[in-house]
Structures are given as structure tokens and as C-alpha cells.
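Below is the file structure09.cif, which contains mmCIF, C-alpha atoms and all ligand atoms.
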```
data_target
loop_
_atom_site.label_atom_id
_atom_site.label_comp_id
_atom_site.auth_asym_id
_atom_site.auth_seq_id
_atom_site.Cartn_x
_atom_site.Cartn_y
_atom_site.Cartn_z
CA MET A 1 28.77 -115.56 174.97
CA LYS A 2 31.29 -113.57 172.96
CA GLN A 3 29.40 -114.47 169.79
CA LEU A 4 26.10 -113.41 171.33
CA ILE A 5 27.56 -110.04 172.32
CA SER A 6 28.97 -109.39 168.88
CA ALA A 7 25.65 -110.43 167.32
CA LEU A 8 23.87 -107.95 169.60
CA VAL A 9 26.37 -105.24 168.75
CA LEU A 10 25.85 -105.89 165.05
CA LEU A 11 22.09 -105.86 165.48
CA SER A 12 22.12 -102.58 167.37
CA LEU A 13 24.47 -101.06 164.80
CA SER A 14 22.15 -102.00 161.96
CA LEU A 15 19.16 -100.68 163.91
CA CYS A 16 21.07 -97.41 164.39
CA ALA A 17 21.78 -97.23 160.67
CA ALA A 18 18.11 -97.85 159.90
CA ALA A 19 17.09 -95.21 162.44
CA GLN A 20 19.19 -92.65 160.59
CA VAL A 21 16.63 -92.57 157.78
CA PRO A 22 13.16 -92.34 159.29
CA ALA A 23 10.25 -93.81 157.35
CA PRO A 24 8.91 -91.26 154.85
CA ASN A 25 6.08 -89.04 156.01
CA TYR A 26 3.10 -88.51 153.71
CA ASP A 27 0.86 -86.82 156.25
CA GLU A 28 0.59 -83.00 156.09
CA SER A 29 -0.42 -82.88 159.75
CA LYS A 30 2.86 -84.54 160.76
CA ILE A 31 5.12 -82.00 159.10
CA PRO A 32 7.22 -80.47 161.88
CA PRO A 33 6.95 -76.71 162.35
CA TYR A 34 9.69 -74.96 160.40
CA THR A 35 10.86 -71.50 159.42
CA LEU A 36 12.28 -70.89 155.99
CA PRO A 37 15.40 -68.74 155.69
CA ASP A 38 14.21 -65.36 154.42
CA LEU A 39 15.25 -64.85 150.81
CA LEU A 40 15.01 -61.11 151.23
CA THR A 41 17.34 -60.76 154.21
CA THR A 42 21.10 -61.08 153.81
CA SER A 43 23.12 -63.30 156.15
CA LYS A 44 24.11 -60.10 157.98
CA GLY A 45 20.47 -59.28 158.58
CA ARG A 46 20.19 -56.54 155.97
CA PRO A 47 16.82 -56.35 154.23
CA VAL A 48 16.84 -56.83 150.46
CA ARG A 49 14.51 -54.17 149.10
CA ASN A 50 15.70 -53.88 145.54
CA VAL A 51 17.28 -55.71 142.63
CA ARG A 52 20.63 -54.07 143.29
CA THR A 53 20.97 -55.52 146.81
CA TRP A 54 19.63 -58.86 145.58
CA GLU A 55 22.13 -59.05 142.72
CA ARG A 56 25.12 -57.59 144.52
CA ILE A 57 24.79 -59.19 147.92
CA ARG A 58 22.07 -61.72 148.54
CA ARG A 59 22.15 -63.67 145.27
CA PRO A 60 25.94 -64.25 145.25
CA GLU A 61 25.77 -65.16 148.92
CA LEU A 62 23.05 -67.77 148.29
CA LEU A 63 24.77 -69.13 145.19
CA GLY A 64 27.97 -69.60 147.19
CA LEU A 65 26.09 -71.43 149.95
CA PHE A 66 24.43 -73.80 147.48
CA GLU A 67 27.83 -74.49 145.92
CA LYS A 68 29.61 -75.05 149.20
CA GLU A 69 26.95 -76.94 151.10
CA MET A 70 24.92 -78.81 148.49
CA PHE A 71 26.07 -79.31 144.91
CA GLY A 72 29.80 -78.67 145.19
CA ILE A 73 32.02 -76.30 143.26
CA SER A 74 32.33 -77.00 139.54
CA PRO A 75 35.45 -76.37 137.49
CA GLY A 76 35.89 -73.86 134.66
CA PHE A 77 36.17 -74.60 130.97
CA PRO A 78 37.81 -77.77 129.71
CA GLN A 79 40.90 -77.42 127.53
CA GLY A 80 40.51 -78.12 123.84
CA MET A 81 36.78 -78.78 123.67
CA HIS A 82 35.74 -79.36 120.06
CA ALA A 83 32.87 -80.75 118.05
CA ARG A 84 32.34 -82.94 115.00
CA VAL A 85 29.11 -83.18 113.02
CA GLU A 86 28.53 -86.91 112.44
CA LYS A 87 25.43 -86.89 110.32
CA GLU A 88 22.43 -84.91 109.18
CA VAL A 89 19.17 -86.50 108.09
CA GLU A 90 16.29 -84.52 106.66
CA ASN A 91 12.71 -85.62 107.19
CA ALA A 92 13.43 -87.34 110.48
CA PHE A 93 10.96 -87.59 113.38
CA GLY A 94 8.06 -88.50 111.15
CA GLY A 95 9.00 -85.69 108.78
CA ALA A 96 8.77 -82.98 111.47
CA GLY A 97 12.43 -82.04 111.40
CA THR A 98 16.07 -82.61 110.66
CA LEU A 99 18.16 -84.91 112.81
CA LYS A 100 21.70 -83.81 113.44
CA GLU A 101 24.16 -85.90 115.43
CA VAL A 102 27.17 -84.08 116.79
CA THR A 103 29.97 -85.43 118.94
CA LEU A 104 31.20 -82.87 121.41
CA PHE A 105 34.64 -83.79 122.71
CA LEU A 106 35.38 -82.32 126.13
CA ASP A 107 39.13 -82.66 125.66
CA ALA A 108 41.67 -81.83 122.95
CA ALA A 109 42.69 -85.46 122.44
CA GLY A 110 39.12 -86.49 121.70
CA THR A 111 38.94 -89.13 124.42
CA PHE A 112 35.81 -87.73 126.08
CA PRO A 113 32.91 -87.79 123.60
CA VAL A 114 29.42 -86.51 124.35
CA HIS A 115 26.87 -87.66 121.77
CA LEU A 116 24.41 -84.89 121.01
CA LEU A 117 21.10 -85.44 119.29
CA ILE A 118 19.89 -82.18 117.75
CA ALA A 119 16.41 -82.08 116.24
CA VAL A 120 15.65 -78.96 114.20
CA PRO A 121 12.15 -78.06 112.97
CA LYS A 122 11.53 -78.65 109.31
CA GLY A 123 11.85 -75.55 107.17
CA ALA A 124 13.25 -73.44 110.03
CA LYS A 125 14.17 -70.02 108.73
CA GLY A 126 17.20 -68.97 110.69
CA PRO A 127 18.23 -69.99 114.19
CA VAL A 128 15.41 -71.31 116.40
CA PRO A 129 14.89 -71.49 120.16
CA ALA A 130 15.55 -74.88 121.73
CA PHE A 131 14.80 -77.15 124.66
CA LEU A 132 17.99 -78.65 126.04
CA GLY A 133 17.81 -81.58 128.43
CA ILE A 134 19.78 -84.65 129.41
CA ASN A 135 18.19 -88.06 128.92
CA PHE A 136 18.43 -91.13 131.14
CA CYS A 137 18.99 -94.03 128.79
CA GLY A 138 20.63 -92.88 125.57
CA ASN A 139 19.49 -90.83 122.57
CA HIS A 140 18.12 -93.90 120.79
CA ALA A 141 15.81 -94.51 123.76
CA THR A 142 14.19 -91.08 123.27
CA THR A 143 12.72 -91.92 119.84
CA PHE A 144 11.77 -94.77 117.55
CA ASP A 145 13.37 -92.91 114.65
CA PRO A 146 15.69 -95.54 113.13
CA GLU A 147 18.19 -92.87 112.05
CA VAL A 148 19.22 -92.12 115.63
CA THR A 149 22.47 -93.92 116.31
CA ILE A 150 22.60 -96.64 118.92
CA PRO A 151 25.85 -96.21 120.84
CA GLY A 152 28.38 -98.87 120.03
CA GLY A 153 30.31 -100.90 122.58
CA LYS A 154 29.11 -101.65 126.05
CA MET A 155 25.77 -100.42 127.32
CA PRO A 156 26.18 -97.90 130.12
CA VAL A 157 25.98 -99.48 133.55
CA HIS A 158 24.77 -97.60 136.60
CA SER A 159 23.40 -98.30 140.00
CA GLY A 160 19.96 -99.67 140.54
CA GLY A 161 20.42 -102.58 138.14
CA THR A 162 18.50 -100.88 135.35
CA LYS A 163 17.50 -103.56 132.88
CA VAL A 164 19.19 -103.57 129.51
CA THR A 165 15.76 -103.42 127.85
CA GLU A 166 15.51 -99.81 129.05
CA TYR A 167 18.27 -98.97 126.65
CA GLU A 168 16.36 -100.14 123.63
CA ARG A 169 15.26 -97.80 120.90
CA GLY A 170 12.20 -95.77 121.80
CA ALA A 171 11.93 -97.08 125.38
CA ASN A 172 11.52 -93.51 126.63
CA ALA A 173 9.93 -92.04 123.52
CA HIS A 174 6.85 -90.98 125.50
CA ARG A 175 9.12 -88.56 127.40
CA TRP A 176 10.37 -86.85 124.23
CA PRO A 177 7.44 -85.87 121.97
CA TYR A 178 9.71 -84.60 119.19
CA GLU A 179 6.98 -84.11 116.62
CA TYR A 180 4.93 -81.92 118.95
CA ILE A 181 7.89 -79.79 120.01
CA LEU A 182 9.33 -79.45 116.50
CA SER A 183 5.97 -78.53 115.02
CA HIS A 184 5.81 -75.63 117.50
CA GLY A 185 9.05 -74.19 116.19
CA TYR A 186 11.52 -75.45 118.81
CA ALA A 187 14.65 -77.49 118.39
CA VAL A 188 15.43 -80.25 120.88
CA VAL A 189 18.95 -80.99 122.07
CA THR A 190 19.65 -84.02 124.23
CA TYR A 191 22.37 -86.46 125.30
CA CYS A 192 22.72 -89.24 127.83
CA ARG A 193 23.67 -88.65 131.49
CA GLU A 194 26.07 -91.60 131.24
CA ASP A 195 28.15 -89.73 128.64
CA ILE A 196 29.02 -87.24 131.39
CA ASP A 197 29.15 -89.08 134.66
CA PRO A 198 28.07 -92.61 135.51
CA ASP A 199 25.12 -92.59 137.89
CA PHE A 200 26.64 -94.58 140.72
CA ASP A 201 29.14 -93.95 143.46
CA ASP A 202 32.39 -94.71 141.68
CA GLY A 203 34.54 -92.57 143.97
CA PHE A 204 34.44 -89.90 141.24
CA ARG A 205 37.09 -91.72 139.25
CA ASN A 206 35.18 -91.90 135.97
CA GLY A 207 33.27 -89.37 133.95
CA VAL A 208 34.05 -85.67 133.95
CA HIS A 209 35.35 -85.80 137.52
CA GLY A 210 38.16 -88.02 136.26
CA LEU A 211 38.69 -85.72 133.29
CA MET A 212 38.60 -82.37 135.09
CA ASP A 213 39.95 -83.07 138.58
CA GLY A 214 43.32 -84.54 137.56
CA GLY A 215 43.41 -86.82 140.62
CA LYS A 216 43.11 -83.89 143.09
CA ALA A 217 42.02 -84.88 146.61
CA ARG A 218 38.33 -84.30 147.22
CA GLY A 219 36.91 -82.16 150.02
CA GLY A 220 33.52 -81.39 151.49
CA SER A 221 32.67 -78.94 148.69
CA SER A 222 33.96 -80.96 145.75
CA TRP A 223 31.43 -81.26 142.96
CA GLY A 224 29.07 -84.20 142.87
CA THR A 225 27.30 -85.88 139.99
CA ILE A 226 24.40 -83.44 139.71
CA ALA A 227 26.88 -80.57 139.50
CA ALA A 228 28.76 -82.53 136.83
CA TRP A 229 25.63 -83.02 134.76
CA ALA A 230 24.71 -79.33 135.19
CA TRP A 231 28.22 -78.26 134.19
CA SER A 232 27.88 -80.35 131.04
CA LEU A 233 24.67 -78.51 130.13
CA SER A 234 26.69 -75.30 130.12
CA ARG A 235 29.34 -76.91 127.90
CA VAL A 236 26.65 -78.01 125.46
CA LEU A 237 25.29 -74.46 125.53
CA ASP A 238 28.83 -73.26 124.69
CA TYR A 239 28.67 -75.52 121.65
CA LEU A 240 25.19 -74.31 120.68
CA TYR A 241 26.52 -70.76 120.35
CA ALA A 242 28.51 -72.14 117.40
CA ASP A 243 25.63 -74.06 115.84
CA PRO A 244 23.92 -71.92 113.17
CA ALA A 245 20.61 -73.81 113.49
CA ILE A 246 20.10 -72.81 117.14
CA ASP A 247 19.56 -69.43 118.77
CA ALA A 248 21.63 -70.05 121.89
CA ASP A 249 20.19 -66.94 123.54
CA ARG A 250 16.80 -68.67 123.53
CA VAL A 251 17.57 -72.03 125.13
CA ALA A 252 15.26 -73.51 127.76
CA VAL A 253 17.01 -75.98 130.03
CA ILE A 254 14.74 -78.81 131.12
CA GLY A 255 15.00 -82.00 133.16
CA HIS A 256 12.92 -84.68 134.80
CA SER A 257 13.50 -85.92 138.35
CA ARG A 258 17.25 -86.15 139.15
CA LEU A 259 17.77 -84.39 135.84
CA GLY A 260 15.23 -81.77 136.97
CA LYS A 261 17.44 -81.06 139.99
CA THR A 262 20.24 -80.82 137.42
CA ALA A 263 18.34 -78.38 135.19
CA LEU A 264 17.67 -76.14 138.20
CA TRP A 265 21.33 -76.08 139.18
CA ALA A 266 22.34 -75.41 135.58
CA GLY A 267 19.84 -72.53 135.45
CA ALA A 268 21.09 -71.15 138.76
CA THR A 269 24.76 -71.27 137.82
CA ASP A 270 24.54 -70.25 134.17
CA PRO A 271 22.51 -67.10 133.49
CA ARG A 272 22.75 -67.73 129.75
CA PHE A 273 19.88 -70.23 130.04
CA ALA A 274 16.90 -68.16 128.98
CA LEU A 275 14.24 -70.29 130.67
CA VAL A 276 14.33 -73.13 133.20
CA ILE A 277 11.96 -76.09 133.66
CA SER A 278 11.87 -78.50 136.57
CA ASN A 279 9.73 -81.59 136.03
CA ASP A 280 9.06 -83.62 139.21
CA SER A 281 12.50 -82.68 140.60
CA GLY A 282 11.48 -83.27 144.24
CA CYS A 283 13.99 -83.49 147.07
CA GLY A 284 17.20 -81.65 146.26
CA GLY A 285 15.34 -79.96 143.40
CA ALA A 286 12.30 -77.74 143.78
CA ALA A 287 10.82 -79.29 146.95
CA LEU A 288 11.39 -77.61 150.32
CA SER A 289 13.69 -79.78 152.44
CA ARG A 290 12.32 -78.54 155.76
CA ARG A 291 8.91 -80.08 155.07
CA ARG A 292 10.52 -83.55 155.32
CA PHE A 293 7.66 -84.91 153.20
CA GLY A 294 8.36 -87.97 151.04
CA GLU A 295 12.06 -88.17 150.22
CA THR A 296 14.27 -86.40 152.76
CA VAL A 297 17.84 -85.13 152.84
CA ALA A 298 18.86 -88.14 154.98
CA LYS A 299 17.30 -90.53 152.50
CA ILE A 300 18.64 -88.95 149.31
CA THR A 301 22.19 -88.56 150.61
CA THR A 302 22.31 -92.20 151.69
CA SER A 303 20.64 -93.65 148.57
CA PHE A 304 22.64 -91.47 146.18
CA PRO A 305 25.84 -90.48 148.00
CA HIS A 306 27.40 -89.27 144.74
CA TRP A 307 24.74 -86.73 143.73
CA PHE A 308 25.69 -83.89 146.09
CA CYS A 309 28.86 -82.71 147.78
CA LYS A 310 29.88 -84.32 151.06
CA ASN A 311 28.90 -81.27 153.12
CA PHE A 312 25.27 -81.88 152.23
CA ASP A 313 25.28 -85.19 154.13
CA THR A 314 25.50 -83.31 157.42
CA TYR A 315 22.00 -81.90 156.92
CA GLY A 316 20.27 -85.28 156.97
CA ASN A 317 17.80 -85.20 159.91
CA ASN A 318 19.18 -81.71 160.50
CA GLU A 319 17.30 -79.68 157.88
CA ASP A 320 16.84 -76.66 160.12
CA ALA A 321 20.59 -76.13 160.08
CA LEU A 322 20.58 -75.62 156.30
CA PRO A 323 21.54 -72.01 155.55
CA PHE A 324 19.00 -72.09 152.69
CA ASP A 325 16.05 -74.06 151.48
CA GLN A 326 15.11 -74.98 147.95
CA HIS A 327 13.11 -71.77 147.37
CA GLY A 328 16.56 -70.17 147.30
CA LEU A 329 17.63 -72.41 144.44
CA LEU A 330 14.57 -71.35 142.46
CA ALA A 331 15.12 -67.68 143.32
CA LEU A 332 18.64 -67.84 141.86
CA ILE A 333 16.97 -68.23 138.46
CA ALA A 334 15.09 -64.91 138.72
CA PRO A 335 14.27 -62.90 136.70
CA ARG A 336 14.40 -65.54 133.96
CA PRO A 337 11.17 -67.47 133.31
CA LEU A 338 10.88 -70.54 135.54
CA TYR A 339 8.36 -73.38 135.40
CA VAL A 340 7.96 -76.04 138.08
CA ALA A 341 5.75 -79.09 137.61
CA SER A 342 4.61 -81.93 139.84
CA ALA A 343 2.47 -85.05 139.45
CA SER A 344 -0.48 -85.91 141.69
CA GLU A 345 0.72 -89.42 142.55
CA ASP A 346 4.36 -88.41 142.96
CA LEU A 347 4.22 -87.88 146.71
CA TRP A 348 7.86 -88.97 147.03
CA ALA A 349 8.73 -85.66 145.33
CA ASP A 350 6.37 -83.63 147.57
CA PRO A 351 4.21 -81.74 145.04
CA LYS A 352 3.02 -79.25 147.66
CA GLY A 353 6.60 -78.56 148.75
CA GLU A 354 7.51 -77.93 145.11
CA TYR A 355 4.69 -75.42 144.73
CA LEU A 356 5.40 -73.64 148.02
CA SER A 357 9.02 -73.32 147.06
CA LEU A 358 8.07 -71.59 143.81
CA TYR A 359 5.51 -69.46 145.62
CA GLU A 360 8.27 -68.21 147.97
CA ALA A 361 10.77 -67.74 145.15
CA SER A 362 8.28 -65.71 143.15
CA LYS A 363 8.73 -62.96 145.78
CA VAL A 364 12.17 -62.39 144.28
CA TYR A 365 10.56 -62.11 140.85
CA ALA A 366 8.36 -59.41 142.39
CA LEU A 367 11.53 -57.43 143.22
CA TYR A 368 12.07 -57.24 139.47
CA GLY A 369 8.54 -55.96 139.02
CA PHE A 370 7.01 -59.24 137.83
CA GLU A 371 3.75 -60.51 139.20
CA SER A 372 4.31 -63.18 141.85
CA LEU A 373 2.20 -66.26 142.61
CA GLY A 374 -0.42 -64.81 144.89
CA ASP A 375 -1.78 -67.95 146.46
CA PRO A 376 0.06 -70.20 148.94
CA GLU A 377 -2.45 -72.94 148.09
CA PRO A 378 -1.38 -74.96 145.04
CA PRO A 379 -3.76 -74.93 142.07
CA GLY A 380 -5.95 -77.95 141.32
CA VAL A 381 -4.79 -80.92 139.32
CA GLU A 382 -4.28 -79.97 135.67
CA GLU A 383 -5.12 -76.31 136.28
CA PRO A 384 -1.81 -74.74 135.27
CA VAL A 385 -1.06 -71.30 136.66
CA VAL A 386 1.28 -68.75 135.14
CA ARG A 387 1.96 -65.46 136.94
CA GLY A 388 4.53 -63.05 135.62
CA ARG A 389 7.54 -65.19 134.82
CA THR A 390 6.72 -68.20 136.98
CA GLY A 391 4.53 -71.16 136.08
CA TYR A 392 3.33 -74.31 137.79
CA HIS A 393 1.11 -77.30 137.20
CA ILE A 394 0.33 -80.56 138.88
CA ARG A 395 -0.43 -83.26 136.36
CA ASN A 396 -2.70 -86.16 137.08
CA GLY A 397 -0.65 -89.34 137.45
CA LYS A 398 2.72 -90.68 138.34
CA HIS A 399 6.34 -89.55 138.45
CA ASN A 400 7.08 -89.04 134.77
CA ILE A 401 7.29 -86.46 131.99
CA VAL A 402 4.64 -86.85 129.32
CA LEU A 403 2.97 -84.92 126.52
CA TYR A 404 0.70 -83.02 128.94
CA ASP A 405 3.78 -81.60 130.68
CA TRP A 406 5.43 -80.68 127.38
CA MET A 407 2.26 -78.93 126.19
CA GLN A 408 2.47 -76.61 129.21
CA TYR A 409 6.21 -76.05 128.69
CA VAL A 410 5.77 -75.19 125.03
CA ALA A 411 2.92 -72.78 125.84
CA PHE A 412 5.07 -71.19 128.58
CA ALA A 413 8.08 -70.93 126.26
CA ASP A 414 5.86 -69.36 123.58
CA ARG A 415 5.36 -66.38 125.89
CA PHE A 416 9.07 -65.73 126.31
CA LEU A 417 11.15 -67.37 123.59
CA GLN A 418 9.14 -66.94 120.38
C1 LIG B 1 14.50 -91.47 142.87
C2 LIG B 1 15.07 -90.41 143.75
C3 LIG B 1 14.48 -89.10 143.39
C4 LIG B 1 14.45 -88.86 141.90
C5 LIG B 1 14.26 -90.11 141.09
C6 LIG B 1 14.65 -90.05 139.61
O1 LIG B 1 14.86 -92.74 143.20
O2 LIG B 1 14.80 -90.76 145.08
O3 LIG B 1 15.16 -88.07 144.08
O4 LIG B 1 15.53 -88.15 141.47
O5 LIG B 1 14.96 -91.18 141.58
O6 LIG B 1 15.60 -89.40 139.23
O7 LIG B 1 13.96 -90.71 138.84
#
```

As C-alpha cells, what does this structure read like?
Amino acid sequence: MKQLISALVLLSLSLCAAAQVPAPNYDESKIPPYTLPDLLTTSKGRPVRNVRTWERIRRPELLGLFEKEMFGISPGFPQGMHARVEKEVENAFGGAGTLKEVTLFLDAAGTFPVHLLIAVPKGAKGPVPAFLGINFCGNHATTFDPEVTIPGGKMPVHSGGTKVTEYERGANAHRWPYEYILSHGYAVVTYCREDIDPDFDDGFRNGVHGLMDGGKARGGSSWGTIAAWAWSLSRVLDYLYADPAIDADRVAVIGHSRLGKTALWAGATDPRFALVISNDSGCGGAALSRRRFGETVAKITTSFPHWFCKNFDTYGNNEDALPFDQHGLLALIAPRPLYVASASEDLWADPKGEYLSLYEASKVYALYGFESLGDPEPPGVEEPVVRGRTGYHIRNGKHNIVLYDWMQYVAFADRFLQ
């Protein structure tokens, strides 16, 4: 009898746990009614009618809320950061550019290396604009170019049991069309997420949390892994200001998926990024949380408990209590150019929610006098729209970043960075 009762208790507990993350909804008609927090009203109810009120009151207020309730508060500069150029190879990437490998050490002792791949267009006269983005599986996975160093020692290990084959040279080359980007006059700067923070819940012992937190107790607003990756993008930008090949005032920060969420947070927290690109960033990125379409706050915070700060967990199945929605994250990037992209089969990331979020955020761009997206209906598949300083497309196909996406990003960057 006792055994039966404990079996029943266990069963009901596991049912409760399952009930905490409802099955994903993919039906527009089942989206619950919701009201988005008004970007142009301060928390004290004051209307935001001009850039001054936005920049002095509403923007800092929103930024603080995103820090405290979602991504966590990042630290300042590391002590003793320094860089070492490892090698330079001309005529790399099929002859389209120069490959430079730089190790950026985040500490004085040189125990925390970040391996940067820097691709510079051939024959560049003076510093060039650049796309800066983190990669998933190592620099050598972004290209078949045999000159790109394969990291020595152990392969990075992270959650999800990613197969070792994913770490092979060129496995993600389709995501990094170097020749195309270089031939349009842009440098590319990339490094692996695992160099910064391992992508699993390690209790924040490893990676930059271990380096920067000095064993301090963690609280509800302590920085998570996405904040750590975003913080590292700013450190790499610090380095780029010292690299004569790159014009650090013309750096577009870009990321796909979880790294798209990261690029958005980097763009929101560091105004030095001249342009921001979110590729299929979905839940916790560009997509509106209140739509609860595809991946939800409850799902993401249970699948990836290390990505956000602990406070964010409390909004699972409780989205209406959020003091912001993701249109606020996008608005923090204004007035800098911002591009959001989705993919037609990537319903998990809620393409419509990504567009609506940008549509709402573009009202803040209008405060600055830039044209906003006029239409709450997303454009058709592969009909990119650019209005003022905001751009959007929905590509045909799956969750990914491919040449089509890059072609839109390069064209968008051409308007602002060339
Ligand atoms: C998924 C996750 C998404 C997205 C994606 C990725 O499993 O649910 O939020 O970030 O991973 O990064 O590829």
C-alpha cells in the first residue's frame, strides 16, 4: 500500500512537472488576448513624446528591467585583457581575403584565451566595416579553409550531446559565406561560444562567470550565459578598436538563434555597435513572449536554465506579469539600424511574433524621425522590407542562417556602414 501511494505521489509530481510547460501552440486563433507594455509610456505613466524623454527616462528604465528580470547584470571590464596575433595568411578564403588569427586573453595571466578569426577583404585600403558574430562549433567549422586553426586539446562539450562530427572543419561553412561578405568590402570577426561560456548548466563555475565573479554568491539578477556571450562581444569590440584593419565604429553585431538573442542583448547594452542583426532569434530574442506561440518562457527557462537570470524563470506561464516584452529589447537599439529575420518553417521561433515586435519597436525609431514599419502584417516570404533604419525578411525554409540571409544583411549594411 505504502509503495502504491508513493508511486502515485511520484506520478502526480511528474504530471505536475509536465503540466508546467504546456504543449507548444502553433495556431494563431489560440493565442490568448494580450496587451503589450507601451514603449512610449514610462513606468510612472508619463508619455514619451520625444527623444529626450526616451533617452533620459524610458530607455534607462527599460534597460534596467531587462537586466534585472531577464539577462542578468554583467560585470565591467576584465583586468589585464591583452591580445596576441598568432598568424596572418594572405589569399585565404579562396583568395577573397586575409586570414588573421588573434588570441584575446581576458585576464593578465593569459589563462582565459578567446580565439578570434578575423577575415579582411583582399586589397582593403584602410580600416573596413565588419560583421562580428559568435559561432556555435569553432572557427574551423565556419570554413573549409585549411589555414584556419583547429583548436588543440579536448573538443568543447556542451549540453544536447552535440556530435563530435559537428566540430569538423567546414561543418557550418554554409552559415559563413566569407567570400561573398569579403567581396562586398566587409571584414568578418568570429569566435566560438564555448571559448566564453560552456553552453550547459554548470552552476556558472566555468567560463567567464568563473573568471569574473570570483566565487561571489549568485542572486536572482546574476548574469546568465546569454549575457556572458553578449559581454564578450563588447570585449572583442574593445579589441577591434586596436586593430588597424577594422573600423570599430562600423561594426555590425550579428547572431543566429541563441546567438541572435545574444546579438540583440549586445546591441542593447553596448551603443558602440553600429548595426544589429537578429537571425531567427525567437523566444527570448526578437519574438514577443506574450504571444506564447512556439517556444515559450516556461519552455526556454526549463530547457536552458543557464541562459537567463533566475528572475526570468518566474515569468514562465506568467508572461503578462513581465514589465516588458521583446519589442522593448529591440527598441533599446534605436536609433541604430536594426534588422530582424525569420524563416518560414521556423515556427518554434514565431516568425510573426518577431515581425510584430520589430513593427512595435519601429515606433521608437519614429521618435528619432525615421520612417517606421507601417504595416502590422508581415511581408510575404522572401519579400524583404526596409523602412528607415529597420529591416525584416522571412526566408523560405528552416531555422538556419544561409546565403540568402547574408545577402539581405550585406545590402542593409551597405546603406549605413559603407
Ligand atoms: C533551440 C532553442 C531556441 C534557439 C535554438 C538555437 O533549441 O529552443 O531558443 O535558441 O535552440 O539556438 O539553435

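Remark: for ligand LIG 1 (chain B), the closest of the candidate residues A:Gly126, A:Gly391, A:Pro24, A:Pro337 is A:Pro24 (distances computed over all atoms listed in the file).
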
Residues of chain A that have any atom at most 12 Å from an atom of ligand LIG 1 (chain B): could you tabulate them with the shortest-distance atom pair and the distance in Å to one decimal, using all atoms listed in the file, ordered by chain and increasing number, as a tab-separated table?
```
residue	atom	partner	partner_atom	distance
A:Pro24	CA	B:LIG1	O2	11.4
A:Ile134	CA	B:LIG1	O6	11.7
A:Asn135	CA	B:LIG1	O6	10.7
A:Phe136	CA	B:LIG1	O6	8.7
A:Cys137	CA	B:LIG1	O7	11.7
A:Ser159	CA	B:LIG1	O1	10.7
A:Gly160	CA	B:LIG1	O1	9.0
A:Thr162	CA	B:LIG1	O7	11.7
A:Arg193	CA	B:LIG1	O6	11.2
A:Asp199	CA	B:LIG1	O6	10.1
A:Ile226	CA	B:LIG1	O4	10.2
A:Gly255	CA	B:LIG1	O6	9.6
A:His256	CA	B:LIG1	O6	7.0
A:Ser257	CA	B:LIG1	O6	4.2
A:Arg258	CA	B:LIG1	O4	3.5
A:Leu259	CA	B:LIG1	O6	6.4
A:Gly260	CA	B:LIG1	O4	7.8
A:Lys261	CA	B:LIG1	O4	7.5
A:Thr262	CA	B:LIG1	O4	9.6
A:Ala263	CA	B:LIG1	O4	11.9
A:Ser278	CA	B:LIG1	O4	11.4
A:Asn279	CA	B:LIG1	O6	10.3
A:Asp280	CA	B:LIG1	C4	8.0
A:Ser281	CA	B:LIG1	O4	6.3
A:Gly282	CA	B:LIG1	O3	6.1
A:Cys283	CA	B:LIG1	O3	5.6
A:Gly284	CA	B:LIG1	O3	7.1
A:Gly285	CA	B:LIG1	O3	8.1
A:Ala286	CA	B:LIG1	O3	10.7
A:Ala287	CA	B:LIG1	O3	10.2
A:Ser289	CA	B:LIG1	O3	11.9
A:Gly294	CA	B:LIG1	O2	9.2
A:Glu295	CA	B:LIG1	O2	6.4
A:Thr296	CA	B:LIG1	O2	8.8
A:Val297	CA	B:LIG1	O3	9.6
A:Ala298	CA	B:LIG1	O2	11.0
A:Lys299	CA	B:LIG1	O2	7.8
A:Ile300	CA	B:LIG1	O2	6.0
A:Thr301	CA	B:LIG1	O2	9.5
A:Thr302	CA	B:LIG1	O2	10.1
A:Ser303	CA	B:LIG1	O2	7.4
A:Phe304	CA	B:LIG1	O2	7.9
A:Pro305	CA	B:LIG1	O2	11.4
A:Trp307	CA	B:LIG1	O4	9.6
A:Phe308	CA	B:LIG1	O3	11.5
A:Asp346	CA	B:LIG1	C3	10.2
A:Leu347	CA	B:LIG1	C3	10.9
A:Trp348	CA	B:LIG1	O2	7.4
A:Ala349	CA	B:LIG1	C3	7.0
A:Asp350	CA	B:LIG1	O3	10.4
A:Lys398	CA	B:LIG1	O7	11.3
A:His399	CA	B:LIG1	O7	7.7
A:Asn400	CA	B:LIG1	O7	8.2
A:Ile401	CA	B:LIG1	O7	10.5
```

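When atom CA of Arg395 of chain A is paired with atom CA of Glu360 of chain A, their separation reads 20.9 Å.
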
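Reported to one decimal place, the separation of atom CA of His209 of chain A from atom CA of Tyr191 of chain A is 17.8 Å.
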
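The two atoms in question, atom CA of Ile73 of chain A and atom CA of Ala227 of chain A, are spaced 7.7 Å apart.
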
Once 4 Å is added on each side, what centre and edge lengths in Å to one decimal does the axis-aligned box around all listed atoms of segment 180-198 of chain A have, as AutoDock Vina command-line options?
```
--center_x 17.0 --center_y -83.4 --center_z 125.3 --size_x 32.2 --size_y 26.4 --size_z 28.5
```

Please determine, counting all atoms listed in the file, which residue among A:Phe105, A:Phe416, A:Trp231, A:Phe293 has the shortest atom-to-atom distance to Arg84 of chain A. A:Phe105

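Taking all atoms listed in the file into account, Arg290 of chain A lies nearest to A:Pro33 out of the set A:Gly45, A:Gly380, A:Gly397, A:Pro33.
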
So that I can check the surroundings of segment 240-251 of chain A, please list as a ChimeraX atom specification every protein, DNA and RNA residue that reaches within 8 Å of it, counting only C-alpha atoms and ignoring chain neighbours fewer than 3 positions away. /A:120,126-132,187,236-237,272-275,417

Find the residues near Thr225 of chain A: any atom within 9 Å, counting all atoms listed in the file, skip ones fewer than 3 places away on the same chain, and give them as a ChimeraX atom specification. /A:71,196-201,204,209,228-230,306-309

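Of the residues under consideration (A:Asp27, A:Glu67, A:Asp213, A:Glu179), A:Asp27 shows the shortest atom-to-atom contact distance to Arg292 of chain A when counting all atoms listed in the file.
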
Neighbourhood query: residues within 12 Å of (0.8, -77.1, 125.4), file coordinates, counting only C-alpha atoms; return as a PyMOL selection string. chain A and resi 177+180-181+183-184+382+384+393+402-415

Report as a compact mmCIF listing (two decimals) with C-alpha atoms, in the coordinates of the input all protein, DNA and RNA residues lying within 7 Å of Pro121 of chain A, evaluated on only C-alpha atoms, omitting residues in the same chain fewer than 6 positions from it.
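Okay, this is what ended up in part02.txt:
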```
# COMPACT_ATOMS: atom_id res chain seq x y z
CA ALA A 96 8.77 -82.98 111.47
CA GLY A 97 12.43 -82.04 111.40
CA THR A 98 16.07 -82.61 110.66
CA LEU A 182 9.33 -79.45 116.50
CA SER A 183 5.97 -78.53 115.02
CA GLY A 185 9.05 -74.19 116.19
CA TYR A 186 11.52 -75.45 118.81
CA ALA A 187 14.65 -77.49 118.39
```

Excluding Trp54 of chain A and residues on its chain fewer than 5 positions from it, collect all residues at most 10 Å away from it, counting only C-alpha atoms, and give them as JSON, numbers by chain. {"A": [39, 40, 41, 42, 47, 48, 49, 59, 60, 61, 62, 332, 364, 367, 368]}

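Among the candidate residues A:Lys68, A:Pro113, A:Tyr339, A:Val276, the one lying nearest to Gly219 of chain A is A:Lys68, with distances computed using only C-alpha atoms.
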
Counting all atoms listed in the file, which residue out of A:Lys310, A:Pro271, A:Glu377, A:Glu28 sits closest to Gly203 of chain A? A:Lys310
